[in-house]
$ cat protein.cif   # mmCIF, C-alpha atoms
data_target
loop_
_atom_site.label_atom_id
_atom_site.label_comp_id
_atom_site.auth_asym_id
_atom_site.auth_seq_id
_atom_site.Cartn_x
_atom_site.Cartn_y
_atom_site.Cartn_z
CA MET A 1 -37.60 -90.25 -4.75
CA GLU A 2 -34.95 -87.87 -6.00
CA LEU A 3 -36.20 -88.18 -9.55
CA GLN A 4 -39.75 -87.46 -8.41
CA GLU A 5 -38.66 -84.34 -6.59
CA HIS A 6 -36.75 -83.23 -9.63
CA THR A 7 -39.81 -83.69 -11.85
CA SER A 8 -42.05 -81.75 -9.52
CA VAL A 9 -39.55 -78.87 -9.35
CA ALA A 10 -39.52 -78.76 -13.16
CA ALA A 11 -43.32 -78.87 -13.25
CA ASP A 12 -43.49 -76.03 -10.71
CA MET A 13 -41.06 -74.00 -12.77
CA LEU A 14 -43.10 -74.50 -15.95
CA ARG A 15 -46.36 -73.64 -14.16
CA HIS A 16 -44.82 -70.50 -12.67
CA PHE A 17 -43.52 -69.52 -16.12
CA GLU A 18 -46.83 -70.13 -17.87
CA GLU A 19 -48.74 -68.17 -15.22
CA LYS A 20 -46.43 -65.26 -15.82
CA ILE A 21 -47.06 -65.46 -19.57
CA GLU A 22 -50.79 -65.75 -18.89
CA ARG A 23 -50.74 -62.54 -16.81
CA GLY A 24 -49.01 -60.79 -19.71
CA ASP A 25 -45.77 -60.18 -17.78
CA ALA A 26 -42.62 -59.87 -19.90
CA ILE A 27 -39.98 -62.56 -19.50
CA GLU A 28 -36.52 -61.14 -18.77
CA PRO A 29 -33.05 -62.69 -19.35
CA LYS A 30 -32.53 -63.89 -15.77
CA ASP A 31 -36.02 -65.40 -15.43
CA ARG A 32 -36.21 -69.18 -15.50
CA MET A 33 -37.70 -70.35 -18.78
CA PRO A 34 -38.35 -73.71 -20.47
CA ASP A 35 -35.62 -74.91 -22.83
CA GLY A 36 -38.13 -74.94 -25.67
CA TYR A 37 -38.88 -71.25 -25.13
CA ARG A 38 -35.20 -70.34 -25.13
CA LYS A 39 -34.51 -72.42 -28.23
CA HIS A 40 -37.47 -71.06 -30.14
CA LEU A 41 -36.41 -67.49 -29.36
CA ILE A 42 -32.77 -68.05 -30.28
CA ARG A 43 -33.84 -69.53 -33.62
CA GLN A 44 -36.33 -66.76 -34.36
CA ILE A 45 -34.27 -63.77 -33.16
CA SER A 46 -31.05 -64.93 -34.82
CA GLN A 47 -32.90 -65.56 -38.09
CA HIS A 48 -34.38 -62.08 -37.79
CA ALA A 49 -30.92 -60.56 -37.11
CA HIS A 50 -29.33 -62.42 -40.04
CA SER A 51 -32.15 -61.18 -42.29
CA GLU A 52 -31.45 -57.56 -41.44
CA VAL A 53 -27.76 -57.99 -42.22
CA ILE A 54 -28.14 -60.09 -45.40
CA GLY A 55 -30.85 -57.61 -46.49
CA MET A 56 -28.16 -54.95 -46.83
CA GLN A 57 -26.72 -56.76 -49.85
CA PRO A 58 -29.41 -56.32 -52.54
CA GLU A 59 -29.64 -52.62 -51.67
CA GLY A 60 -25.92 -52.03 -51.24
CA ASN A 61 -25.65 -53.03 -54.87
CA TRP A 62 -27.46 -49.81 -55.83
CA VAL A 63 -25.71 -47.19 -53.69
CA THR A 64 -23.26 -46.18 -56.42
CA ARG A 65 -25.97 -46.21 -59.09
CA ALA A 66 -28.71 -44.27 -57.30
CA PRO A 67 -30.26 -41.76 -59.75
CA SER A 68 -29.68 -38.66 -57.58
CA LEU A 69 -27.69 -37.48 -54.59
CA ARG A 70 -30.94 -37.34 -52.59
CA ALA A 71 -31.74 -40.95 -53.47
CA LYS A 72 -28.20 -42.03 -52.61
CA GLN A 73 -28.28 -40.37 -49.18
CA ILE A 74 -31.63 -41.97 -48.38
CA LEU A 75 -30.49 -45.41 -49.50
CA LEU A 76 -27.30 -45.14 -47.43
CA ALA A 77 -29.30 -44.16 -44.34
CA LYS A 78 -31.68 -47.05 -44.88
CA ILE A 79 -28.85 -49.56 -45.26
CA GLN A 80 -27.17 -48.20 -42.12
CA ASP A 81 -30.49 -48.69 -40.30
CA GLU A 82 -30.67 -52.33 -41.43
CA GLY A 83 -27.18 -52.92 -40.03
CA GLY A 84 -28.27 -51.26 -36.78
CA HIS A 85 -31.40 -53.40 -36.62
CA GLY A 86 -29.27 -56.51 -37.04
CA LEU A 87 -27.20 -55.37 -34.07
CA TYR A 88 -30.24 -54.68 -31.85
CA LEU A 89 -31.41 -58.22 -32.58
CA TYR A 90 -28.03 -59.92 -32.08
CA SER A 91 -27.84 -58.07 -28.78
CA ALA A 92 -31.32 -59.36 -27.80
CA ALA A 93 -30.36 -62.95 -28.76
CA GLU A 94 -27.14 -62.72 -26.73
CA THR A 95 -29.21 -62.24 -23.57
CA LEU A 96 -30.39 -65.84 -24.06
CA GLY A 97 -26.87 -67.21 -23.69
CA ILE A 98 -25.72 -67.59 -27.29
CA SER A 99 -22.67 -65.64 -28.50
CA ARG A 100 -22.49 -63.52 -31.63
CA ALA A 101 -19.69 -65.78 -32.92
CA GLU A 102 -21.92 -68.86 -32.55
CA MET A 103 -24.78 -67.19 -34.39
CA ILE A 104 -22.55 -66.23 -37.30
CA GLU A 105 -21.07 -69.71 -37.34
CA GLN A 106 -24.58 -71.20 -37.57
CA LEU A 107 -25.41 -68.85 -40.44
CA HIS A 108 -22.26 -69.84 -42.32
CA ALA A 109 -22.90 -73.54 -41.69
CA GLY A 110 -26.45 -73.18 -43.07
CA LYS A 111 -27.96 -74.15 -39.69
CA ALA A 112 -29.49 -70.72 -39.18
CA LYS A 113 -31.60 -69.17 -41.91
CA TYR A 114 -32.40 -65.64 -43.01
CA SER A 115 -35.50 -64.34 -44.74
CA ASN A 116 -35.99 -66.03 -48.08
CA ILE A 117 -36.80 -62.74 -49.77
CA PHE A 118 -33.14 -61.73 -49.91
CA ASN A 119 -32.35 -64.62 -52.21
CA TYR A 120 -33.97 -62.63 -55.02
CA PRO A 121 -31.90 -60.11 -57.03
CA ALA A 122 -32.42 -56.31 -57.20
CA LEU A 123 -32.20 -55.95 -60.99
CA ASN A 124 -32.88 -52.25 -61.49
CA TRP A 125 -33.81 -49.04 -59.64
CA ALA A 126 -37.51 -49.92 -59.59
CA ASP A 127 -36.55 -52.97 -57.51
CA ILE A 128 -35.19 -50.64 -54.82
CA GLY A 129 -38.64 -49.02 -54.76
CA ALA A 130 -40.39 -52.39 -54.63
CA ILE A 131 -38.08 -53.68 -51.87
CA GLY A 132 -38.73 -50.65 -49.66
CA TRP A 133 -42.45 -50.62 -50.36
CA LEU A 134 -43.28 -54.33 -50.34
CA VAL A 135 -40.47 -56.09 -48.46
CA ASP A 136 -40.14 -53.47 -45.72
CA GLY A 137 -43.93 -53.10 -45.71
CA ALA A 138 -44.33 -56.82 -45.04
CA ALA A 139 -41.55 -56.71 -42.43
CA ILE A 140 -43.27 -53.82 -40.62
CA VAL A 141 -46.59 -55.67 -40.39
CA ASN A 142 -44.76 -58.58 -38.78
CA GLN A 143 -42.64 -56.40 -36.51
CA VAL A 144 -45.53 -54.27 -35.27
CA SER A 145 -47.17 -57.48 -34.09
CA LEU A 146 -43.92 -58.64 -32.45
CA GLN A 147 -43.73 -55.48 -30.32
CA ARG A 148 -46.04 -57.42 -28.00
CA THR A 149 -43.91 -60.58 -27.95
CA SER A 150 -43.39 -62.02 -24.45
CA TYR A 151 -39.58 -61.82 -24.28
CA GLY A 152 -38.59 -58.36 -22.99
CA PRO A 153 -35.34 -57.76 -24.91
CA TYR A 154 -36.93 -58.93 -28.20
CA SER A 155 -39.98 -56.76 -27.66
CA ARG A 156 -37.84 -53.70 -26.86
CA ALA A 157 -35.75 -54.26 -30.00
CA MET A 158 -38.98 -54.43 -32.04
CA VAL A 159 -40.27 -51.15 -30.62
CA ARG A 160 -37.02 -49.43 -31.56
CA ILE A 161 -36.99 -51.01 -35.03
CA CYS A 162 -40.61 -50.09 -35.80
CA LYS A 163 -39.92 -46.45 -34.96
CA GLU A 164 -37.16 -46.37 -37.55
CA GLU A 165 -38.60 -48.69 -40.17
CA SER A 166 -41.61 -46.71 -41.33
CA PHE A 167 -39.35 -44.33 -43.27
CA HIS A 168 -38.07 -47.36 -45.21
CA GLN A 169 -41.50 -48.28 -46.45
CA ARG A 170 -42.35 -44.70 -47.34
CA GLN A 171 -39.17 -44.10 -49.31
CA GLY A 172 -39.90 -47.24 -51.35
CA TYR A 173 -43.46 -46.17 -52.01
CA GLU A 174 -42.19 -42.73 -53.04
CA ILE A 175 -39.86 -44.29 -55.63
CA MET A 176 -42.73 -46.33 -57.06
CA ALA A 177 -45.10 -43.34 -57.08
CA LYS A 178 -42.49 -41.20 -58.85
CA MET A 179 -41.89 -43.82 -61.53
CA MET A 180 -45.64 -44.20 -62.08
CA LYS A 181 -45.76 -40.48 -62.87
CA GLY A 182 -42.87 -40.81 -65.34
CA SER A 183 -42.56 -42.08 -68.92
CA ALA A 184 -44.29 -45.23 -70.25
CA GLU A 185 -40.96 -47.01 -69.93
CA GLN A 186 -40.65 -46.01 -66.28
CA ARG A 187 -44.20 -47.14 -65.55
CA ASP A 188 -43.42 -50.49 -67.17
CA MET A 189 -40.32 -50.82 -65.00
CA ALA A 190 -42.33 -50.15 -61.84
CA GLN A 191 -45.01 -52.66 -62.83
CA ASP A 192 -42.37 -55.24 -63.73
CA ALA A 193 -40.73 -54.86 -60.30
CA MET A 194 -44.17 -55.15 -58.68
CA ASN A 195 -44.82 -58.36 -60.64
CA ARG A 196 -41.55 -59.92 -59.49
CA TRP A 197 -41.70 -58.87 -55.79
CA TRP A 198 -45.40 -59.29 -54.97
CA TRP A 199 -45.45 -63.05 -54.54
CA PRO A 200 -42.12 -63.38 -52.70
CA ALA A 201 -43.37 -60.59 -50.37
CA LEU A 202 -46.50 -62.63 -49.58
CA MET A 203 -44.28 -65.65 -48.89
CA MET A 204 -42.39 -63.64 -46.24
CA PHE A 205 -45.20 -64.39 -43.79
CA GLY A 206 -44.46 -68.10 -44.04
CA PRO A 207 -46.66 -71.13 -44.78
CA HIS A 208 -50.44 -71.05 -44.29
CA ASP A 209 -51.59 -71.56 -40.70
CA SER A 210 -52.79 -75.05 -41.60
CA ASP A 211 -49.21 -76.03 -42.68
CA SER A 212 -47.09 -74.04 -40.24
CA PRO A 213 -44.82 -76.31 -38.19
CA HIS A 214 -43.76 -74.00 -35.32
CA THR A 215 -46.95 -72.31 -34.20
CA GLY A 216 -48.24 -74.32 -31.18
CA ASP A 217 -45.85 -73.37 -28.37
CA ALA A 218 -45.03 -70.02 -29.98
CA PHE A 219 -48.66 -68.95 -29.48
CA LYS A 220 -49.07 -70.49 -26.05
CA TRP A 221 -45.90 -68.72 -24.88
CA LYS A 222 -46.88 -65.49 -26.67
CA ILE A 223 -43.69 -65.36 -28.74
CA LYS A 224 -45.92 -65.00 -31.77
CA ARG A 225 -49.06 -62.91 -31.32
CA GLN A 226 -50.75 -63.20 -34.72
CA SER A 227 -50.78 -66.05 -37.23
CA ASN A 228 -49.03 -66.05 -40.62
CA ASP A 229 -52.33 -65.77 -42.49
CA GLU A 230 -53.64 -62.95 -40.28
CA LEU A 231 -50.49 -60.92 -40.83
CA ARG A 232 -50.48 -61.65 -44.56
CA ALA A 233 -54.09 -60.45 -44.84
CA LYS A 234 -53.23 -57.23 -43.03
CA PHE A 235 -50.36 -56.57 -45.45
CA ILE A 236 -52.45 -57.33 -48.54
CA ASP A 237 -55.34 -55.08 -47.46
CA LYS A 238 -53.08 -52.07 -46.88
CA THR A 239 -50.88 -52.60 -49.92
CA VAL A 240 -53.66 -53.12 -52.47
CA GLN A 241 -55.04 -49.71 -51.55
CA GLN A 242 -51.62 -48.07 -51.93
CA ALA A 243 -51.10 -49.78 -55.31
CA GLU A 244 -54.45 -48.48 -56.58
CA VAL A 245 -53.60 -44.90 -55.62
CA ILE A 246 -50.50 -44.85 -57.83
CA GLY A 247 -51.96 -47.00 -60.62
CA LEU A 248 -50.06 -50.26 -60.15
CA THR A 249 -51.77 -53.58 -60.84
CA ILE A 250 -51.50 -56.44 -58.35
CA PRO A 251 -50.29 -59.44 -60.37
CA ASP A 252 -53.02 -61.76 -59.06
CA LYS A 253 -56.12 -62.30 -61.22
CA ASP A 254 -57.87 -64.02 -58.30
CA LEU A 255 -57.49 -61.06 -55.96
CA LYS A 256 -60.98 -60.05 -54.84
CA TRP A 257 -62.49 -58.17 -51.90
CA ASN A 258 -64.36 -60.53 -49.62
CA GLU A 259 -67.08 -58.52 -47.92
CA ALA A 260 -67.90 -61.27 -45.42
CA ARG A 261 -64.30 -61.69 -44.20
CA GLY A 262 -63.47 -58.02 -44.44
CA HIS A 263 -60.25 -58.92 -46.27
CA TYR A 264 -59.05 -59.54 -49.80
CA ASP A 265 -59.00 -63.14 -51.03
CA HIS A 266 -55.81 -63.90 -52.94
CA GLY A 267 -54.78 -66.52 -55.48
CA ALA A 268 -52.73 -69.63 -54.68
CA ILE A 269 -49.16 -68.99 -53.51
CA ASN A 270 -46.52 -71.08 -55.25
CA TRP A 271 -45.17 -72.95 -52.23
CA ASP A 272 -43.01 -75.18 -54.44
CA GLU A 273 -41.01 -72.09 -55.33
CA PHE A 274 -40.90 -71.05 -51.65
CA TYR A 275 -39.39 -74.39 -50.59
CA ARG A 276 -37.08 -74.52 -53.61
CA VAL A 277 -35.61 -71.11 -52.68
CA ILE A 278 -35.51 -71.74 -48.92
CA ASN A 279 -33.61 -74.96 -49.53
CA GLY A 280 -30.83 -73.11 -51.27
CA ASN A 281 -31.88 -73.01 -54.91
CA GLY A 282 -33.00 -69.40 -55.28
CA PRO A 283 -31.31 -67.02 -57.70
CA CYS A 284 -28.95 -65.49 -55.10
CA ASN A 285 -28.54 -67.92 -52.15
CA GLN A 286 -24.96 -68.79 -53.04
CA GLN A 287 -23.98 -65.19 -53.76
CA ARG A 288 -25.43 -63.85 -50.47
CA MET A 289 -23.67 -66.45 -48.31
CA ASP A 290 -20.37 -66.22 -50.20
CA HIS A 291 -20.39 -62.47 -49.78
CA HIS A 292 -21.11 -62.65 -46.04
CA LYS A 293 -18.39 -65.25 -45.46
CA ARG A 294 -15.84 -63.33 -47.50
CA VAL A 295 -16.48 -59.98 -45.78
CA HIS A 296 -16.49 -61.63 -42.35
CA ALA A 297 -13.14 -63.26 -43.07
CA GLU A 298 -11.70 -60.07 -44.55
CA GLY A 299 -12.69 -58.17 -41.41
CA ALA A 300 -10.96 -60.62 -39.06
CA TRP A 301 -7.73 -58.58 -39.00
CA VAL A 302 -9.63 -55.52 -37.79
CA ARG A 303 -11.10 -57.45 -34.85
CA GLU A 304 -7.68 -58.96 -34.09
CA ALA A 305 -5.99 -55.56 -34.21
CA ALA A 306 -8.62 -54.04 -31.91
CA GLU A 307 -8.15 -56.93 -29.46
CA ALA A 308 -4.36 -56.62 -29.57
CA TYR A 309 -4.65 -52.87 -28.93
CA ARG A 310 -6.87 -53.51 -25.89
CA ILE A 311 -4.40 -56.05 -24.46
CA LYS A 312 -1.48 -53.68 -25.01
CA LYS A 313 -3.32 -50.85 -23.24
CA GLU A 314 -4.28 -53.09 -20.32
CA LYS A 315 -0.67 -54.17 -19.88
CA LYS A 316 0.46 -50.55 -19.81
CA LEU A 317 -2.14 -49.79 -17.17
CA HIS A 318 -0.87 -52.61 -14.93
CA LEU A 319 2.76 -51.49 -15.31
CA SER A 320 2.15 -47.86 -14.46
CA MET B 1 -5.87 -65.41 -30.59
CA ALA B 2 -9.05 -66.73 -32.18
CA THR B 3 -9.62 -65.10 -35.56
CA ASP B 4 -13.36 -64.82 -34.90
CA SER B 5 -12.93 -62.75 -31.74
CA GLN B 6 -16.09 -60.74 -31.19
CA LEU B 7 -14.34 -58.48 -28.64
CA THR B 8 -15.98 -57.57 -25.32
CA GLN B 9 -19.68 -56.96 -24.73
CA TRP B 10 -20.73 -53.56 -23.34
CA GLU B 11 -24.14 -52.40 -22.14
CA VAL B 12 -25.27 -49.03 -23.45
CA PHE B 13 -27.25 -46.45 -21.47
CA ILE B 14 -28.57 -43.26 -23.04
CA GLN B 15 -29.68 -40.00 -21.48
CA SER B 16 -32.43 -38.53 -23.65
CA LYS B 17 -32.04 -34.93 -22.43
CA PRO B 18 -29.92 -33.09 -19.86
CA GLY B 19 -31.07 -33.96 -16.36
CA ALA B 20 -32.88 -37.18 -17.36
CA ASN B 21 -32.09 -40.68 -16.10
CA TYR B 22 -29.83 -42.89 -18.18
CA ILE B 23 -31.90 -45.67 -19.73
CA HIS B 24 -30.62 -49.01 -20.99
CA ALA B 25 -30.70 -49.21 -24.80
CA GLY B 26 -28.96 -52.51 -25.62
CA SER B 27 -25.41 -53.72 -26.04
CA VAL B 28 -22.47 -53.41 -28.41
CA HIS B 29 -19.17 -55.20 -28.92
CA ALA B 30 -15.94 -53.22 -28.60
CA ALA B 31 -12.27 -53.57 -27.69
CA ASP B 32 -12.01 -50.52 -25.45
CA LYS B 33 -13.93 -47.57 -23.97
CA LYS B 34 -13.43 -45.31 -26.96
CA MET B 35 -14.62 -47.94 -29.43
CA ALA B 36 -17.55 -48.80 -27.15
CA LEU B 37 -18.73 -45.18 -27.21
CA GLN B 38 -18.30 -44.90 -30.98
CA ASN B 39 -20.19 -48.14 -31.61
CA ALA B 40 -22.92 -47.13 -29.16
CA ARG B 41 -23.34 -43.82 -30.96
CA ASP B 42 -23.55 -45.49 -34.40
CA THR B 43 -25.92 -48.19 -33.20
CA TYR B 44 -28.28 -46.43 -30.81
CA THR B 45 -28.33 -42.70 -31.61
CA ARG B 46 -28.91 -42.29 -35.33
CA ARG B 47 -31.88 -39.95 -34.85
CA GLY B 48 -30.86 -37.60 -32.05
CA GLU B 49 -32.05 -39.95 -29.31
CA GLY B 50 -29.93 -38.39 -26.64
CA THR B 51 -27.41 -35.99 -25.17
CA SER B 52 -25.08 -38.45 -23.45
CA ILE B 53 -24.03 -42.12 -23.48
CA TRP B 54 -22.68 -44.52 -20.86
CA ALA B 55 -21.03 -47.75 -21.98
CA VAL B 56 -20.31 -50.33 -19.25
CA PRO B 57 -18.64 -53.74 -19.69
CA THR B 58 -21.45 -56.30 -19.31
CA ASP B 59 -19.31 -58.32 -16.89
CA ALA B 60 -19.11 -55.34 -14.53
CA ILE B 61 -22.85 -55.23 -13.93
CA ALA B 62 -24.26 -56.94 -10.84
CA ALA B 63 -27.88 -57.96 -11.42
CA SER B 64 -30.38 -59.46 -9.00
CA ASN B 65 -32.22 -62.67 -9.82
CA PRO B 66 -35.96 -62.35 -10.41
CA GLU B 67 -36.47 -65.28 -8.00
CA ASP B 68 -34.87 -63.21 -5.24
CA GLY B 69 -37.40 -60.45 -5.81
CA ASP B 70 -39.06 -61.04 -2.44
CA MET B 71 -35.81 -60.72 -0.57
CA PHE B 72 -34.99 -57.46 -2.33
CA PHE B 73 -38.33 -55.76 -2.53
CA ASP B 74 -40.62 -57.14 0.14
CA PRO B 75 -39.52 -54.86 2.98
CA ALA B 76 -41.16 -51.93 1.23
CA ASN B 77 -44.53 -53.70 1.05
CA ASP B 78 -45.00 -54.18 4.81
CA LYS B 79 -43.68 -50.76 5.73
CA THR B 80 -46.51 -48.68 4.38
CA TYR B 81 -45.68 -45.94 6.90
CA ARG B 82 -42.98 -45.00 4.39
CA LEU B 83 -45.72 -43.75 2.07
CA PRO B 84 -47.49 -40.40 2.57
CA THR B 85 -50.91 -42.01 2.10
CA PHE B 86 -50.37 -43.90 5.42
CA TYR B 87 -50.99 -40.70 7.39
CA VAL B 88 -54.35 -39.14 8.19
CA MET B 89 -54.42 -35.42 7.59
CA PRO B 90 -56.48 -33.31 10.03
CA GLU B 91 -59.70 -32.03 8.52
CA GLY B 92 -59.14 -28.77 6.66
CA ALA B 93 -55.33 -29.02 6.41
CA LYS B 94 -53.97 -28.42 2.93
CA ALA B 95 -51.24 -30.55 1.39
CA ILE B 96 -47.83 -28.93 1.37
#
$ encode --input "protein.cif" --output "structure tokens"
Amino acid sequence: MELQEHTSVAADMLRHFEEKIERGDAIEPKDRMPDGYRKHLIRQISQHAHSEVIGMQPEGNWVTRAPSLRAKQILLAKIQDEGGHGLYLYSAAETLGISRAEMIEQLHAGKAKYSNIFNYPALNWADIGAIGWLVDGAAIVNQVSLQRTSYGPYSRAMVRICKEESFHQRQGYEIMAKMMKGSAEQRDMAQDAMNRWWWPALMMFGPHDSDSPHTGDAFKWKIKRQSNDELRAKFIDKTVQQAEVIGLTIPDKDLKWNEARGHYDHGAINWDEFYRVINGNGPCNQQRMDHHKRVHAEGAWVREAAEAYRIKKEKKLHLS
Amino acid sequence: MATDSQLTQWEVFIQSKPGANYIHAGSVHAADKKMALQNARDTYTRRGEGTSIWAVPTDAIAASNPEDGDMFFDPANDKTYRLPTFYVMPEGAKAI
């Protein structure tokens, strides 16, 4: 009897939750939600937060070598934004009952992932252009769609991020456009960066819809609003046009406009490489994680000192 | 003390212009009020989003449960005489 009652309460809760989603109401931190919903969000938001923070590394590498003061200021502002975006997202994930310390622990233990794209190196200045243009461009397409995600704090973080992120894509495109107007050597550099970043950028949207393991509940619960392939198509259509304007070639001989679909068809993505890199064997996986762990450990004394200062001040307050 | 202390969580509210309501922006971690304000400024106001910031320890906020919504908000629904549209204006009278 008791068990039956318990099951019907759980079924009521789920029905109530799914009706809310159906109506298009946002879910807020204190709303009751299925465990699966909470878990899916924690995984997705923490991965998103880690990506923003790890993404500071390939660009940070170029701050001291930016070709002008203007470029350096812009790059610094962009990197500061990425750090801020990581914080918005950690703050959204915390509303689901996971602590920042746990999330960082999961990242260090390899249980939480970050976007695969940051396991590739930024070899020269053209890469900074390609990262802003292609990587941030792909991220924006995904994030614009996530502004309508069902979890309130995640959706609000996305709105804030999208407002700030469009400058990132534009500054990258500007670098590429400038190089394409430069010497033959500079044009070659830009094309070379394009060739190396194009395919990893397409992989950022994840496996094809037919092979994507997490989509079922994510769609039903409106965590995800558009499929991997839909978002990828959107990115390709916009980016091909921008590439043509500045004279860059898309490194895909099978790329062709499909009149019937209203989208470009693209060549086969090398998913073997995707899984090889995601499983830890990309060019920079080790370096990115080592760096994060080292800096986190080196910063421990700052957090300890701040905590000790707070305790000292509280004691003084109680004495006086 | 744990070496991975993440300090205390604070909720951040920003006023977009003088006279406006303070609106919740998100949260930050900080050891004290001063650090909370500095972190809130760095995190949430990089593009002139506001004129003033409140930072409040998350623990200090009392929040209602969505399930108790009826208890909190129902009284307004059956007391429509609290709304101006409840009243019939005499023909020809202008609104104030």
$ resolve_selection --input "protein.cif" --expression "the PyMOL selection byres ((chain A) within 10 of (chain B))" --output "PyMOL selection string"
chain A and resi 27-32+77+80-81+83-92+94-95+99-102+104-105+153+156-157+160+164+296-297+299-311+313-314
$ residues_around --input "protein.cif" --residues "segment 18-21 of chain B" --least-positions-apart "6" --cutoff "12 Å" --atoms "only C-alpha atoms" --output "PyMOL selection string"
chain B and resi 49-54
$ residues_around --input "protein.cif" --residues "Asp254 of chain A" --least-positions-apart "6" --cutoff "8 Å" --atoms "all atoms listed in the file" --output "JSON, numbers by chain"
{"A": [265, 266, 267]}
$ atom_distance --input "protein.cif" --atom1 "atom CA of His16 of chain A" --atom2 "atom CA of Asn77 of chain B"
21.7 Å
$ residues_around --input "protein.cif" --residues "Asn228 of chain A" --least-positions-apart "4" --cutoff "9 Å" --atoms "all atoms listed in the file" --output "MDAnalysis selection string"
chainID A and resid 142 205:209 212 232:233
$ closest_residue --input "protein.cif" --among "B:Phe72, B:Pro90, B:Gly48, B:Gln38" --to "Lys17 of chain B" --atoms "only C-alpha atoms"
B:Gly48
$ resolve_selection --input "protein.cif" --expression "the PyMOL selection byres ((chain A and resi 191) around 12)" --output "MDAnalysis selection string"
chainID A and resid 126:127 129:130 176:177 179:180 184:190 192:198 243 246:251
$ atom_distance --input "protein.cif" --atom1 "atom CA of Trp257 of chain A" --atom2 "atom CA of Trp199 of chain A"
17.9 Å
$ atom_distance --input "protein.cif" --atom1 "atom CA of Tyr154 of chain A" --atom2 "atom CA of Asp12 of chain A"
25.3 Å
$ residues_around --input "protein.cif" --residues "Lys111 of chain A" --least-positions-apart "3" --cutoff "12 Å" --atoms "all atoms listed in the file" --output "list in words"
Arg43, Ser46, Gln47, His50, Glu102, Met103, Ile104, Glu105, Gln106, Leu107, His108, Tyr114, Asn279 and Gly280 of chain A
$ residues_around --input "protein.cif" --residues "Gly262 of chain A" --least-positions-apart "4" --cutoff "12 Å" --atoms "all atoms listed in the file" --output "list of chain:residue names"
A:Glu230, A:Ala233, A:Lys234, A:Ile236, A:Asp237, A:Lys256, A:Trp257, A:Asn258
$ decode --input "protein.cif" --residues "segment 41-51 of chain A" --atoms "N, CA, C and O atoms" --output "PDB file, in the first residue's frame"
ATOM      1  N   LEU A  41      21.103  18.233 -16.729  1.00  0.00           N
ATOM      2  CA  LEU A  41      21.487  19.648 -16.678  1.00  0.00           C
ATOM      3  C   LEU A  41      22.845  19.847 -16.022  1.00  0.00           C
ATOM      4  O   LEU A  41      23.668  20.622 -16.514  1.00  0.00           O
ATOM      5  N   ILE A  42      23.069  19.142 -14.907  1.00  0.00           N
ATOM      6  CA  ILE A  42      24.361  19.302 -14.229  1.00  0.00           C
ATOM      7  C   ILE A  42      25.489  18.903 -15.178  1.00  0.00           C
ATOM      8  O   ILE A  42      26.494  19.607 -15.298  1.00  0.00           O
ATOM      9  N   ARG A  43      25.293  17.789 -15.890  1.00  0.00           N
ATOM     10  CA  ARG A  43      26.340  17.344 -16.817  1.00  0.00           C
ATOM     11  C   ARG A  43      26.557  18.386 -17.911  1.00  0.00           C
ATOM     12  O   ARG A  43      27.677  18.792 -18.201  1.00  0.00           O
ATOM     13  N   GLN A  44      25.462  18.855 -18.498  1.00  0.00           N
ATOM     14  CA  GLN A  44      25.579  19.770 -19.632  1.00  0.00           C
ATOM     15  C   GLN A  44      26.103  21.155 -19.215  1.00  0.00           C
ATOM     16  O   GLN A  44      26.990  21.706 -19.855  1.00  0.00           O
ATOM     17  N   ILE A  45      25.559  21.697 -18.127  1.00  0.00           N
ATOM     18  CA  ILE A  45      25.973  23.053 -17.722  1.00  0.00           C
ATOM     19  C   ILE A  45      27.416  23.043 -17.210  1.00  0.00           C
ATOM     20  O   ILE A  45      28.186  23.957 -17.504  1.00  0.00           O
ATOM     21  N   SER A  46      27.792  22.000 -16.456  1.00  0.00           N
ATOM     22  CA  SER A  46      29.168  21.996 -15.948  1.00  0.00           C
ATOM     23  C   SER A  46      30.152  21.800 -17.107  1.00  0.00           C
ATOM     24  O   SER A  46      31.195  22.434 -17.151  1.00  0.00           O
ATOM     25  N   GLN A  47      29.790  20.971 -18.076  1.00  0.00           N
ATOM     26  CA  GLN A  47      30.664  20.813 -19.243  1.00  0.00           C
ATOM     27  C   GLN A  47      30.806  22.147 -19.988  1.00  0.00           C
ATOM     28  O   GLN A  47      31.893  22.518 -20.434  1.00  0.00           O
ATOM     29  N   HIS A  48      29.704  22.855 -20.077  1.00  0.00           N
ATOM     30  CA  HIS A  48      29.696  24.158 -20.747  1.00  0.00           C
ATOM     31  C   HIS A  48      30.588  25.154 -19.983  1.00  0.00           C
ATOM     32  O   HIS A  48      31.390  25.879 -20.571  1.00  0.00           O
ATOM     33  N   ALA A  49      30.470  25.139 -18.646  1.00  0.00           N
ATOM     34  CA  ALA A  49      31.281  26.045 -17.806  1.00  0.00           C
ATOM     35  C   ALA A  49      32.769  25.704 -17.939  1.00  0.00           C
ATOM     36  O   ALA A  49      33.600  26.592 -18.154  1.00  0.00           O
ATOM     37  N   HIS A  50      33.088  24.408 -17.853  1.00  0.00           N
ATOM     38  CA  HIS A  50      34.493  23.995 -17.976  1.00  0.00           C
ATOM     39  C   HIS A  50      35.050  24.421 -19.340  1.00  0.00           C
ATOM     40  O   HIS A  50      36.196  24.820 -19.446  1.00  0.00           O
ATOM     41  N   SER A  51      34.214  24.339 -20.379  1.00  0.00           N
ATOM     42  CA  SER A  51      34.675  24.699 -21.725  1.00  0.00           C
ATOM     43  C   SER A  51      35.075  26.164 -21.791  1.00  0.00           C
ATOM     44  O   SER A  51      36.084  26.521 -22.403  1.00  0.00           O
TER      45      SER A  51
END
